[in-house]
>>> print(open('run33.txt').read())   # compact mmCIF, C-alpha atoms
# COMPACT_ATOMS: atom_id res chain seq x y z
CA MET A 474 -57.74 17.09 -10.34
CA ASN A 475 -56.09 16.62 -6.97
CA GLU A 476 -53.84 19.27 -5.66
CA PRO A 477 -50.32 17.96 -6.25
CA ASN A 478 -48.86 17.04 -2.90
CA PRO A 479 -46.07 19.45 -2.16
CA ILE A 480 -42.96 17.47 -1.36
CA PRO A 481 -42.13 18.28 2.26
CA LYS A 482 -38.86 20.14 2.35
CA PRO A 483 -36.41 18.23 4.57
CA LEU A 484 -35.64 19.97 7.81
CA PRO A 485 -32.13 21.37 8.04
CA LEU A 486 -29.80 19.02 9.91
CA THR A 487 -29.01 19.76 13.52
CA GLU A 488 -25.36 20.16 14.34
CA PRO A 489 -24.87 16.61 15.73
CA GLN A 490 -26.63 15.20 12.65
CA GLN A 491 -24.43 17.21 10.34
CA ARG A 492 -21.36 16.09 12.28
CA GLU A 493 -22.40 12.44 11.92
CA ALA A 494 -23.12 12.87 8.20
CA THR A 495 -19.69 14.44 7.69
CA ARG A 496 -17.99 11.63 9.55
CA LEU A 497 -19.81 8.97 7.55
CA CYS A 498 -18.88 10.78 4.36
CA VAL A 499 -15.16 11.02 5.16
CA GLU A 500 -15.01 7.43 6.40
CA THR A 501 -16.68 6.22 3.22
CA GLY A 502 -14.21 8.16 1.08
CA LEU A 503 -11.29 6.88 3.11
CA THR A 504 -12.37 3.25 2.89
CA LEU A 505 -12.86 3.46 -0.86
CA LEU A 506 -9.44 5.06 -1.29
CA GLN A 507 -7.75 2.49 0.96
CA TYR A 508 -9.12 -0.44 -0.99
CA GLY A 509 -8.10 0.91 -4.38
CA ALA A 510 -11.10 2.69 -5.92
CA GLU A 511 -10.25 5.35 -8.50
CA SER A 512 -10.44 8.99 -7.37
CA ALA A 513 -13.49 9.92 -9.46
CA LEU A 514 -15.50 7.14 -7.84
CA VAL A 515 -14.31 8.04 -4.33
CA GLU A 516 -15.24 11.69 -4.69
CA ASN A 517 -18.53 10.94 -6.42
CA LEU A 518 -19.78 8.42 -3.86
CA ALA A 519 -18.66 10.46 -0.82
CA ARG A 520 -20.44 13.55 -2.13
CA ARG A 521 -23.62 11.68 -3.08
CA LEU A 522 -23.74 10.08 0.37
CA ALA A 523 -23.43 13.43 2.15
CA LEU A 524 -26.11 15.03 -0.02
CA SER A 525 -28.57 12.19 0.45
CA LEU A 526 -28.01 12.35 4.22
CA GLY A 527 -29.36 15.90 4.03
CA VAL A 528 -26.23 18.06 3.96
CA GLU A 529 -26.73 21.24 1.90
CA ARG A 530 -23.41 21.04 0.14
CA ALA A 531 -20.42 18.74 0.42
CA GLU A 532 -16.91 19.19 -0.92
CA VAL A 533 -14.44 16.32 -1.07
CA ALA A 534 -10.73 16.84 -1.69
CA LEU A 535 -8.41 13.91 -2.28
CA LEU A 536 -4.70 14.08 -1.57
CA ALA A 537 -2.21 11.33 -2.26
CA ASN A 538 -2.53 10.05 1.32
CA ALA A 539 -5.42 11.89 2.93
CA VAL A 540 -9.10 12.68 2.43
CA VAL A 541 -10.63 16.05 3.34
CA VAL A 542 -14.40 16.59 3.56
CA THR A 543 -16.24 19.83 4.22
CA SER A 544 -20.01 19.86 4.68
CA LEU A 545 -22.13 22.98 4.63
CA GLY A 546 -25.43 23.20 6.44
CA SER A 547 -27.58 25.77 8.21
CA GLY A 548 -25.04 28.51 7.99
CA HIS A 549 -21.88 26.80 9.15
CA CYS A 550 -19.49 24.21 7.87
CA ILE A 551 -17.62 21.23 9.32
CA THR A 552 -14.28 20.13 7.90
CA THR A 553 -12.51 16.93 8.74
CA VAL A 554 -9.40 15.14 7.51
CA ARG A 555 -8.48 11.46 7.58
CA ARG A 556 -5.08 10.06 6.81
CA ASN A 557 -5.01 7.30 4.23
CA GLU A 558 -2.91 4.17 4.33
CA ASP A 559 -3.01 1.64 1.57
CA ARG A 560 -4.78 -1.60 2.48
CA GLY A 561 -4.40 -3.40 -0.84
CA ILE A 562 -6.96 -3.74 -3.59
CA ASN A 563 -10.29 -5.17 -2.51
CA MET A 564 -13.16 -4.89 -4.97
CA HIS A 565 -15.53 -6.65 -2.61
CA VAL A 566 -15.34 -3.75 -0.15
CA VAL A 567 -15.78 -1.20 -2.96
CA THR A 568 -18.88 -3.07 -4.19
CA GLU A 569 -20.44 -3.33 -0.74
CA VAL A 570 -19.82 0.34 0.10
CA GLN A 571 -21.31 1.42 -3.21
CA ARG A 572 -24.44 -0.69 -2.69
CA ALA A 573 -24.92 0.81 0.78
CA VAL A 574 -24.58 4.35 -0.62
CA LEU A 575 -27.10 3.54 -3.38
CA ASP A 576 -29.54 2.31 -0.71
CA VAL A 577 -29.17 5.61 1.16
CA GLU A 578 -29.89 7.44 -2.10
CA ASP A 579 -33.01 5.35 -2.64
CA GLY A 580 -34.18 6.26 0.86
CA LYS A 581 -33.90 2.70 2.17
CA LEU A 582 -31.27 3.55 4.80
CA ASP A 583 -30.89 6.49 7.19
CA ALA A 584 -27.65 7.68 8.80
CA ALA A 585 -27.79 5.13 11.65
CA GLY A 586 -28.70 2.31 9.27
CA TYR A 587 -25.87 3.25 6.93
CA ARG A 588 -23.36 3.31 9.77
CA ALA A 589 -24.43 -0.15 10.95
CA ARG A 590 -24.19 -1.57 7.43
CA PHE A 591 -20.90 0.22 6.65
CA GLU A 592 -19.23 -1.02 9.82
CA ALA A 593 -20.39 -4.57 9.23
CA ILE A 594 -18.46 -4.82 5.94
CA ARG A 595 -15.65 -7.32 6.36
CA PRO A 596 -13.15 -7.49 3.48
CA LEU A 597 -13.45 -10.72 1.53
CA ARG A 598 -10.16 -12.59 1.12
CA TYR A 599 -9.79 -15.67 -1.03
CA SER A 600 -7.81 -18.51 0.54
CA ARG A 601 -4.08 -18.25 0.00
CA ALA A 602 -3.68 -21.77 -1.38
CA LEU A 603 -6.43 -21.26 -3.97
CA THR A 604 -5.11 -17.84 -5.03
CA SER A 605 -1.57 -19.19 -5.42
CA ALA A 606 -2.77 -22.08 -7.56
CA VAL A 607 -4.87 -19.84 -9.82
CA ILE A 608 -2.07 -17.29 -10.18
CA GLY A 609 0.26 -20.16 -11.10
CA LEU A 610 -2.19 -21.18 -13.82
CA SER A 611 -2.51 -17.56 -14.96
CA CYS A 612 1.23 -17.18 -15.46
CA ALA A 613 1.33 -20.54 -17.26
CA CYS A 614 -1.35 -19.12 -19.59
CA PHE A 615 0.74 -15.97 -20.14
CA ALA A 616 3.65 -18.21 -21.10
CA ARG A 617 1.44 -20.19 -23.48
CA LEU A 618 0.13 -16.96 -25.03
CA VAL A 619 3.64 -16.07 -26.19
CA GLY A 620 4.32 -19.59 -27.45
CA ALA A 621 6.02 -21.55 -24.65
CA ASP A 622 5.98 -25.35 -24.81
CA TRP A 623 4.19 -27.41 -22.16
CA ALA A 624 7.31 -28.07 -20.08
CA SER A 625 8.03 -24.34 -19.82
CA CYS A 626 4.40 -23.65 -18.97
CA SER A 627 4.68 -26.12 -16.09
CA VAL A 628 7.85 -24.38 -14.93
CA ALA A 629 6.04 -21.02 -15.01
CA PHE A 630 3.14 -22.58 -13.11
CA VAL A 631 5.35 -23.88 -10.31
CA ALA A 632 7.56 -20.77 -10.09
CA SER A 633 4.71 -18.27 -9.99
CA GLY A 634 2.53 -20.42 -7.74
CA VAL A 635 5.31 -20.66 -5.15
CA ALA A 636 6.10 -16.96 -5.60
CA MET A 637 2.47 -16.02 -5.00
CA ALA A 638 2.41 -18.08 -1.80
CA VAL A 639 5.58 -16.27 -0.67
CA ARG A 640 4.04 -12.91 -1.56
CA LEU A 641 0.87 -13.57 0.43
CA GLN A 642 2.91 -14.81 3.41
CA LEU A 643 5.01 -11.60 3.32
CA VAL A 644 1.82 -9.52 3.16
CA LYS A 645 0.60 -11.35 6.24
CA LEU A 646 3.85 -10.54 8.04
CA HIS A 647 3.34 -6.83 7.18
CA PHE A 648 6.47 -6.37 5.11
CA ASN A 649 6.76 -3.19 3.09
CA PRO A 650 5.33 -3.92 -0.40
CA LEU A 651 8.63 -2.91 -2.03
CA VAL A 652 10.56 -5.50 0.00
CA ASN A 653 7.79 -7.97 -0.72
CA PHE A 654 8.01 -7.46 -4.51
CA PHE A 655 11.81 -7.70 -4.42
CA LEU A 656 11.82 -11.00 -2.53
CA THR A 657 8.95 -12.47 -4.54
CA ALA A 658 10.63 -11.67 -7.84
CA PHE A 659 13.85 -13.25 -6.54
CA VAL A 660 12.03 -16.47 -5.60
CA ALA A 661 10.13 -16.70 -8.91
CA THR A 662 13.18 -16.06 -11.09
CA SER A 663 15.32 -18.46 -9.02
CA ILE A 664 12.86 -21.32 -9.51
CA ALA A 665 12.39 -20.66 -13.22
CA GLY A 666 16.17 -20.21 -13.53
CA GLN A 667 16.75 -23.78 -12.30
CA ALA A 668 14.72 -25.00 -15.26
CA ALA A 669 17.01 -23.02 -17.55
CA ILE A 670 20.15 -24.48 -15.86
CA TYR A 671 18.89 -28.08 -16.11
CA SER A 672 17.40 -27.32 -19.56
CA LEU A 673 13.82 -28.30 -18.79
CA GLY A 674 11.69 -27.43 -21.78
CA ASP A 675 12.74 -25.68 -24.99
CA THR A 676 11.66 -22.17 -24.00
CA PRO A 677 13.14 -21.54 -20.53
CA ARG A 678 13.46 -17.81 -21.21
CA ILE A 679 9.72 -17.43 -21.74
CA ALA A 680 9.14 -19.25 -18.46
CA MET A 681 11.52 -16.86 -16.69
CA ALA A 682 9.72 -13.84 -18.13
CA SER A 683 6.20 -15.15 -17.49
CA CYS A 684 6.71 -16.26 -13.90
CA VAL A 685 7.19 -12.68 -12.63
CA LEU A 686 4.11 -11.27 -14.38
CA LEU A 687 2.17 -11.71 -11.14
CA LEU A 688 4.20 -8.73 -9.92
CA VAL A 689 3.12 -6.26 -12.61
CA PRO A 690 1.14 -3.60 -10.71
CA GLY A 691 -1.66 -3.56 -13.28
CA TYR A 692 -4.38 -2.06 -11.12
CA PRO A 693 -2.33 0.92 -9.86
CA LEU A 694 -1.06 1.59 -13.40
CA ILE A 695 -4.57 1.70 -14.88
CA ASN A 696 -5.91 3.67 -11.90
CA SER A 697 -3.08 6.15 -12.29
CA ILE A 698 -3.89 6.98 -15.91
CA SER A 699 -7.67 6.92 -15.25
CA ASP A 700 -7.21 9.43 -12.42
CA MET A 701 -5.15 11.75 -14.57
CA VAL A 702 -7.55 11.50 -17.52
CA LYS A 703 -10.37 12.56 -15.19
CA GLY A 704 -8.42 15.50 -13.79
CA TYR A 705 -7.07 14.05 -10.53
CA ILE A 706 -3.47 14.73 -11.42
CA ASN A 707 -2.01 14.53 -7.93
CA THR A 708 -3.46 11.15 -6.92
CA GLY A 709 -2.74 9.88 -10.45
CA LEU A 710 0.92 10.87 -10.25
CA ALA A 711 1.28 9.39 -6.78
CA ARG A 712 -0.25 6.10 -7.87
CA GLY A 713 1.78 5.97 -11.06
CA MET A 714 5.02 6.66 -9.23
CA TYR A 715 4.24 3.97 -6.67
CA ALA A 716 3.45 1.46 -9.42
CA LEU A 717 6.78 2.29 -11.03
CA LEU A 718 8.60 1.84 -7.71
CA LEU A 719 6.96 -1.55 -7.18
CA SER A 720 8.06 -2.58 -10.69
CA ALA A 721 11.58 -1.38 -9.92
CA GLY A 722 11.58 -3.47 -6.74
CA ALA A 723 10.54 -6.53 -8.73
CA CYS A 724 13.15 -5.72 -11.38
CA ALA A 725 15.88 -5.61 -8.72
CA GLY A 726 14.78 -9.05 -7.49
CA ILE A 727 14.89 -10.44 -11.03
CA LEU A 728 18.37 -9.04 -11.65
CA LEU A 729 19.72 -10.36 -8.34
CA ALA A 730 18.38 -13.84 -9.05
CA MET A 731 19.80 -13.81 -12.59
CA SER A 732 23.27 -12.83 -11.37
CA VAL A 733 23.24 -15.30 -8.47
CA TRP A 734 22.35 -18.25 -10.72
CA LYS A 735 24.18 -16.84 -13.78
CA VAL A 736 21.25 -17.41 -16.14
CA TRP A 737 20.44 -14.45 -18.35
CA ALA A 738 17.06 -14.00 -19.90
CA TRP A 739 14.95 -10.96 -20.89
CA LEU A 740 17.43 -9.14 -23.17
CA MET B 1331 -9.58 -20.36 -40.40
CA ASN B 1332 -6.22 -19.96 -38.73
CA LEU B 1333 -7.27 -16.53 -37.56
CA LEU B 1334 -10.43 -17.90 -35.96
CA LEU B 1335 -8.46 -20.64 -34.19
CA GLY B 1336 -5.97 -18.04 -32.99
CA VAL B 1337 -8.76 -15.84 -31.64
CA LEU B 1338 -10.35 -18.77 -29.82
CA GLN B 1339 -7.03 -19.85 -28.34
CA GLN B 1340 -6.28 -16.31 -27.16
CA MET B 1341 -9.73 -16.03 -25.62
CA ALA B 1342 -9.42 -19.31 -23.74
CA LEU B 1343 -5.94 -18.49 -22.46
CA ALA B 1344 -6.86 -14.92 -21.49
CA SER B 1345 -9.87 -15.87 -19.37
CA VAL B 1346 -7.67 -17.68 -16.82
CA PRO B 1347 -5.47 -14.70 -15.83
CA ALA B 1348 -8.54 -12.44 -15.75
CA VAL B 1349 -10.09 -14.67 -13.09
CA GLY B 1350 -6.75 -15.20 -11.32
CA PHE B 1351 -6.08 -11.49 -10.96
CA GLY B 1352 -9.73 -10.92 -10.17
CA MET B 1353 -9.11 -13.11 -7.13
CA VAL B 1354 -6.02 -11.09 -6.21
CA PHE B 1355 -8.21 -7.96 -6.35
CA ASN B 1356 -10.81 -9.78 -4.22
CA VAL B 1357 -13.58 -9.41 -6.79
CA PRO B 1358 -16.77 -10.95 -5.31
CA LYS B 1359 -17.32 -14.56 -6.31
CA ARG B 1360 -20.47 -13.92 -8.35
CA VAL B 1361 -18.70 -11.27 -10.43
CA LEU B 1362 -15.63 -13.39 -11.31
CA GLY B 1363 -17.48 -14.86 -14.30
CA TYR B 1364 -17.75 -11.39 -15.84
CA CYS B 1365 -13.98 -10.96 -15.38
CA ALA B 1366 -13.43 -14.14 -17.39
CA VAL B 1367 -15.81 -13.10 -20.19
CA GLY B 1368 -14.37 -9.57 -20.31
CA GLY B 1369 -10.80 -10.84 -20.35
CA ALA B 1370 -11.53 -13.31 -23.14
CA LEU B 1371 -13.46 -10.75 -25.18
CA GLY B 1372 -10.84 -8.02 -24.81
CA ARG B 1373 -7.87 -10.15 -25.68
CA GLY B 1374 -9.71 -11.96 -28.47
CA LEU B 1375 -10.88 -8.72 -30.04
CA ARG B 1376 -7.42 -7.19 -29.82
CA TYR B 1377 -5.85 -10.25 -31.46
CA PHE B 1378 -8.44 -10.11 -34.23
CA LEU B 1379 -7.85 -6.39 -34.85
CA VAL B 1380 -4.06 -6.74 -34.87
CA GLU B 1381 -3.77 -9.98 -36.85
CA GLY B 1382 -6.90 -9.80 -38.99
CA ALA B 1383 -7.35 -6.10 -39.66
CA GLY B 1384 -3.74 -4.99 -39.28
CA ILE B 1385 -4.52 -2.18 -36.84
CA PRO B 1386 -1.54 -1.17 -34.62
CA VAL B 1387 -1.57 -2.74 -31.19
CA GLU B 1388 -2.22 0.47 -29.21
CA TRP B 1389 -5.33 1.36 -31.24
CA SER B 1390 -6.54 -2.23 -31.09
CA THR B 1391 -6.09 -2.17 -27.34
CA LEU B 1392 -8.08 1.05 -27.09
CA LEU B 1393 -10.94 -0.39 -29.15
CA ALA B 1394 -10.95 -3.66 -27.21
CA ALA B 1395 -10.90 -1.88 -23.83
CA ALA B 1396 -13.67 0.49 -24.90
CA THR B 1397 -15.84 -2.42 -26.07
CA VAL B 1398 -15.40 -4.32 -22.81
CA SER B 1399 -16.06 -1.15 -20.83
CA LEU B 1400 -19.27 -0.31 -22.73
CA LEU B 1401 -20.62 -3.83 -22.20
CA GLY B 1402 -19.45 -3.59 -18.59
CA VAL B 1403 -21.65 -0.55 -17.98
CA ALA B 1404 -24.80 -2.52 -18.80
CA ILE B 1405 -23.76 -5.34 -16.46
CA ALA B 1406 -22.69 -2.91 -13.74
CA GLN B 1407 -26.10 -1.26 -13.69
CA ARG B 1408 -27.71 -4.65 -13.12
CA LEU B 1409 -25.18 -5.54 -10.40
CA ARG B 1410 -25.39 -2.14 -8.68
CA ALA B 1411 -21.60 -1.93 -8.63
CA HIS B 1412 -19.08 0.24 -10.49
CA PRO B 1413 -17.90 -1.35 -13.77
CA LYS B 1414 -14.24 -0.99 -12.71
CA VAL B 1415 -14.90 -3.71 -10.14
CA PHE B 1416 -14.58 -6.29 -12.88
CA THR B 1417 -13.36 -4.50 -16.03
CA VAL B 1418 -9.87 -3.80 -14.66
CA ALA B 1419 -9.34 -7.50 -13.93
CA ALA B 1420 -10.51 -8.15 -17.50
CA MET B 1421 -7.77 -5.82 -18.80
CA ILE B 1422 -4.98 -7.70 -17.00
CA PRO B 1423 -4.33 -10.14 -19.88
CA MET B 1424 -3.57 -7.10 -22.07
CA ILE B 1425 -1.23 -5.35 -19.59
CA PRO B 1426 2.25 -5.03 -21.16
CA GLY B 1427 4.14 -6.67 -18.29
CA VAL B 1428 7.07 -7.97 -20.32
CA PRO B 1429 7.86 -4.60 -21.99
CA LEU B 1430 7.60 -2.89 -18.61
CA PHE B 1431 10.17 -5.15 -16.95
CA LYS B 1432 12.31 -5.18 -20.10
CA THR B 1433 12.57 -1.39 -19.96
CA LEU B 1434 13.66 -1.38 -16.32
CA ILE B 1435 16.17 -4.19 -16.87
CA ALA B 1436 17.61 -2.43 -19.91
CA ILE B 1437 18.03 0.76 -17.86
CA VAL B 1438 19.94 -1.14 -15.17
CA GLN B 1439 22.12 -2.73 -17.86
CA ILE B 1440 22.89 0.71 -19.31
CA GLN B 1441 24.02 1.81 -15.88
CA GLN B 1442 26.24 -1.27 -15.46
CA LYS B 1443 27.65 -1.83 -18.93
CA GLY B 1444 27.61 1.68 -20.33
CA LEU B 1445 25.46 3.08 -23.07
CA ASN B 1446 25.14 1.21 -26.32
CA ASN B 1447 22.64 1.50 -29.12
CA GLU B 1448 21.02 -1.87 -28.58
CA LEU B 1449 20.25 -1.32 -24.90
CA LEU B 1450 19.13 2.26 -25.45
CA SER B 1451 16.75 1.29 -28.21
CA THR B 1452 15.33 -1.60 -26.14
CA ALA B 1453 14.79 0.72 -23.17
CA ILE B 1454 13.06 3.39 -25.22
CA THR B 1455 10.94 1.22 -27.51
CA SER B 1456 9.76 -1.17 -24.76
CA GLY B 1457 9.11 1.72 -22.41
CA LEU B 1458 7.05 3.59 -24.97
CA GLN B 1459 5.14 0.45 -25.89
CA ALA B 1460 4.32 -0.23 -22.23
CA PHE B 1461 3.23 3.35 -21.68
CA PHE B 1462 1.03 3.58 -24.78
CA VAL B 1463 -0.70 0.26 -24.16
CA VAL B 1464 -1.42 1.09 -20.50
CA ALA B 1465 -2.71 4.52 -21.55
CA ALA B 1466 -4.90 2.87 -24.22
CA LEU B 1467 -6.33 0.50 -21.61
CA ALA B 1468 -7.11 3.29 -19.14
CA VAL B 1469 -8.59 5.63 -21.74
CA GLY B 1470 -10.55 2.75 -23.28
CA LEU B 1471 -12.06 1.96 -19.88
CA ALA B 1472 -12.98 5.63 -19.46
CA VAL B 1473 -14.82 5.79 -22.82
CA PRO B 1474 -18.38 5.39 -21.43
CA GLY B 1475 -17.76 8.25 -19.00
CA LEU B 1476 -16.08 10.42 -21.63
CA LEU B 1477 -18.66 9.91 -24.38
CA PHE B 1478 -22.03 8.95 -22.87
CA TYR B 1479 -22.11 9.53 -19.11
CA ARG B 1480 -20.64 13.00 -19.20
CA ARG B 1481 -22.48 14.74 -16.36
CA ARG B 1482 -23.99 11.79 -14.52
CA PRO B 1483 -22.57 8.76 -12.74
CA VAL B 1484 -22.52 5.38 -14.49
CA VAL B 1485 -24.06 3.65 -11.47
>>> encode(input="run33.txt", output="C-alpha cells")
Amino acid sequence: MNEPNPIPKPLPLTEPQQREATRLCVETGLTLLQYGAESALVENLARRLALSLGVERAEVALLANAVVVTSLGSGHCITTVRRNEDRGINMHVVTEVQRAVLDVEDGKLDAAGYRARFEAIRPLRYSRALTSAVIGLSCACFARLVGADWASCSVAFVASGVAMAVRLQLVKLHFNPLVNFFLTAFVATSIAGQAAIYSLGDTPRIAMASCVLLLVPGYPLINSISDMVKGYINTGLARGMYALLLSAGACAGILLAMSVWKVWAWL
Amino acid sequence: MNLLLGVLQQMALASVPAVGFGMVFNVPKRVLGYCAVGGALGRGLRYFLVEGAGIPVEWSTLLAAATVSLLGVAIAQRLRAHPKVFTVAAMIPMIPGVPLFKTLIAIVQIQQKGLNNELLSTAITSGLQAFFVVAALAVGLAVPGLLFYRRRPVV
C-alpha cells in the first residue's frame, strides 16, 4: 500500500492576493445583482468564488442597492462595498459569470484568469427589430389564449410590436423605467384603441388588454417572492415594490390613453 | 378529446411568449429552446389540472411550476447554468398580467368615482388572484431547493 499523498495545504493568501480576491468577489456579486439574478444565487456564487480563491472565510451582505463583502484571511479582514444600479435583466451575463465561477471551483482558472474571463463578458443583446416582432407575436398569442378572434390578434400584434420598439428606443435614450413604462403603455393602448373605435375585429377589448402584457414586470415579481421565501426579505421587498411601481406606471399610461381616445376596456 | 385539443392549443400558444420574453431577458440562444418547452409544459399542465382534474388555479400553478423547475434542474446541471436562467421565462405565460392591471385600474376608478361594491370587489379579487398565482409560481420554482437541495447548491 502506498502512503496516501497528503494534500498540500494551500498557503495563506498574502495581503495583495486577499485584496484581489475580495475585489473579484464583490464585483462578481455586483454584476449578478445588476443583471437580475436572485439574491440567493448572488450570495452563493460570490461566497463560493472567494473560498475557491483561497480566502479563509467570506461574508456577503446584500442591500437593496449595494453589495458588501468581507473576507477573512491570515488574521485580518478586508471589507468593501459597491453601489448597485439596475442594468436590466440579462441571463446571458448571469450564465457566463456562473460558468467562470464553476471553472475556478474546478481549479481550471486562477485569480488572474478569472479576472480576464470576467472582464471579457459582454452582455448579449438581441436585435431590437427581432425582439419587437417576437414580443408582438407573444402578445397576439396571449390574446388568442383568452379567445380573441384573428383580427383582434393582429391588432394586438401590431400594437405590442410597435410598443416594444418604443420601449427599447426609450431604454436606449436612458429614460427612467417608470417614464418608459408609462409612455409605452400609452402607445400600446392608443393603437389598440383605434381598432376599438373603427370596430376592427369582434373582441377589441381583449386586444386592448393583451397588448400591454409586455409591460408586466414578471421577472422582478417572481424574483421578489423567491428572495423573500429564501429569507432575503429586504431585497425581496425592494424588488416587489419596484415591480408594483412599474405596473402603476403602465397603468397610468393605459388610463391616460383610454381617456384621451374615450374607449373603455378592462372593467 | 376536447381536453386534449385544449391542452395542445395552450401548449403551442404558450411556447411563443416564453421564447419572446426569454429574448427580453437575453437568455442565450442555445437555451431559448428550453424556455419554449418549459413554457409549453407549464401552461399545458396547468390547463389540464384546472380543466381536467378541477384543481383550483393557484394549486395547479404551483404543481406546474414545480414540475418545470424539477425538470429544469436536470437540464441546468448539464448546461452548467442556474435553472432560473430559463425557468422564469417559461413561467411568463402563466403570469397573471390581466388581473394585476385590473386591480390597479379598479383602484384608480375607486379614487375617481367613489367607492362602490363592484369596483371594490374587482380590486380585491383580482389583486388576490394576481398575488396568489405569482406566489405559487415563485414557490413552485423554489421547490427543488426547498425539498431536495437543502444544504447544497443546485449547480
>>> closest_atom_pairs(input="run33.txt", of="chain B", to="chain A", cutoff="7 Å", atoms="all atoms listed in the file", output="Markdown table")
| residue | atom | partner | partner_atom | distance |
| --- | --- | --- | --- | --- |
| B:Gln1340 | CA | A:Leu618 | CA | 6.8 |
| B:Leu1343 | CA | A:Cys614 | CA | 5.4 |
| B:Val1346 | CA | A:Ser611 | CA | 5.5 |
| B:Pro1347 | CA | A:Ser611 | CA | 4.2 |
| B:Gly1350 | CA | A:Val607 | CA | 5.2 |
| B:Met1353 | CA | A:Thr604 | CA | 6.5 |
| B:Val1354 | CA | A:Thr604 | CA | 6.9 |
| B:Phe1355 | CA | A:Asn563 | CA | 5.2 |
| B:Asn1356 | CA | A:Asn563 | CA | 4.9 |
| B:Val1357 | CA | A:Met564 | CA | 4.9 |
| B:Pro1358 | CA | A:His565 | CA | 5.2 |
| B:Arg1410 | CA | A:Arg572 | CA | 6.2 |
| B:Ala1411 | CA | A:Thr568 | CA | 5.3 |
| B:Val1415 | CA | A:Met564 | CA | 5.6 |
| B:Val1418 | CA | A:Tyr692 | CA | 6.8 |
| B:Ile1422 | CA | A:Gly691 | CA | 6.5 |
| B:Ile1425 | CA | A:Gly691 | CA | 6.6 |
| B:Gly1427 | CA | A:Val689 | CA | 5.8 |
| B:Val1428 | CA | A:Ala682 | CA | 6.8 |
| B:Phe1431 | CA | A:Cys724 | CA | 6.3 |
| B:Lys1432 | CA | A:Trp739 | CA | 6.4 |
| B:Leu1434 | CA | A:Cys724 | CA | 6.6 |
| B:Ile1435 | CA | A:Cys724 | CA | 6.4 |
| B:Val1464 | CA | A:Ile695 | CA | 6.5 |
| B:Ala1465 | CA | A:Ile698 | CA | 6.3 |
| B:Ala1468 | CA | A:Ile695 | CA | 5.2 |
| B:Val1469 | CA | A:Ser699 | CA | 6.7 |
| B:Ala1472 | CA | A:Ser699 | CA | 6.9 |
>>> write_last_selection(input="run33.txt", atoms="C-alpha atoms", output="CSV table (one decimal), in the frame of the given file")
chain,number,residue,atom,x,y,z
B,1340,GLN,CA,-6.3,-16.3,-27.2
B,1343,LEU,CA,-5.9,-18.5,-22.5
B,1346,VAL,CA,-7.7,-17.7,-16.8
B,1347,PRO,CA,-5.5,-14.7,-15.8
B,1350,GLY,CA,-6.8,-15.2,-11.3
B,1353,MET,CA,-9.1,-13.1,-7.1
B,1354,VAL,CA,-6.0,-11.1,-6.2
B,1355,PHE,CA,-8.2,-8.0,-6.4
B,1356,ASN,CA,-10.8,-9.8,-4.2
B,1357,VAL,CA,-13.6,-9.4,-6.8
B,1358,PRO,CA,-16.8,-11.0,-5.3
B,1410,ARG,CA,-25.4,-2.1,-8.7
B,1411,ALA,CA,-21.6,-1.9,-8.6
B,1415,VAL,CA,-14.9,-3.7,-10.1
B,1418,VAL,CA,-9.9,-3.8,-14.7
B,1422,ILE,CA,-5.0,-7.7,-17.0
B,1425,ILE,CA,-1.2,-5.4,-19.6
B,1427,GLY,CA,4.1,-6.7,-18.3
B,1428,VAL,CA,7.1,-8.0,-20.3
B,1431,PHE,CA,10.2,-5.2,-17.0
B,1432,LYS,CA,12.3,-5.2,-20.1
B,1434,LEU,CA,13.7,-1.4,-16.3
B,1435,ILE,CA,16.2,-4.2,-16.9
B,1464,VAL,CA,-1.4,1.1,-20.5
B,1465,ALA,CA,-2.7,4.5,-21.6
B,1468,ALA,CA,-7.1,3.3,-19.1
B,1469,VAL,CA,-8.6,5.6,-21.7
B,1472,ALA,CA,-13.0,5.6,-19.5
>>> residues_near_point(input="run33.txt", point="(-9.5, -9.7, -18.9)", cutoff="10 Å", atoms="only C-alpha atoms", output="JSON, numbers by chain")
{"B": [1341, 1344, 1345, 1346, 1347, 1348, 1349, 1350, 1351, 1352, 1364, 1365, 1366, 1367, 1368, 1369, 1370, 1371, 1372, 1373, 1374, 1395, 1398, 1416, 1417, 1418, 1419, 1420, 1421, 1422, 1423, 1424, 1425]}
>>> residues_near_point(input="run33.txt", point="(13.7, -13.7, -5.1)", cutoff="12 Å", atoms="all atoms listed in the file", output="NGL selection string")
:A and (632-633 or 635-637 or 639-640 or 652-666 or 684-685 or 688 or 722-734)
>>> residues_around(input="run33.txt", residues="B:His1412", least_positions_apart="5", cutoff="8 Å", atoms="only C-alpha atoms", output="ChimeraX atom specification")
/A:568,571 /B:1403,1406-1407,1484-1485
>>> atom_distance(input="run33.txt", atom1="atom CA of A:Lys581", atom2="atom CA of A:Val533")
24.0 Å
>>> atom_distance(input="run33.txt", atom1="atom CA of B:Leu1477", atom2="atom CA of A:Thr708")
23.2 Å
>>> closest_residue(input="run33.txt", among="B:Leu1335, B:Leu1430, B:Trp1389, B:Leu1401", to="B:Pro1413", atoms="all atoms listed in the file")
B:Leu1401
>>> residues_around(input="run33.txt", residues="stretch 1450-1457 of chain B", least_positions_apart="4", cutoff="6 Å", atoms="only C-alpha atoms", output="PyMOL selection string")
chain B and resi 1429+1433+1436
>>> atom_distance(input="run33.txt", atom1="atom CA of A:Ala534", atom2="atom CA of A:Met714")
20.2 Å
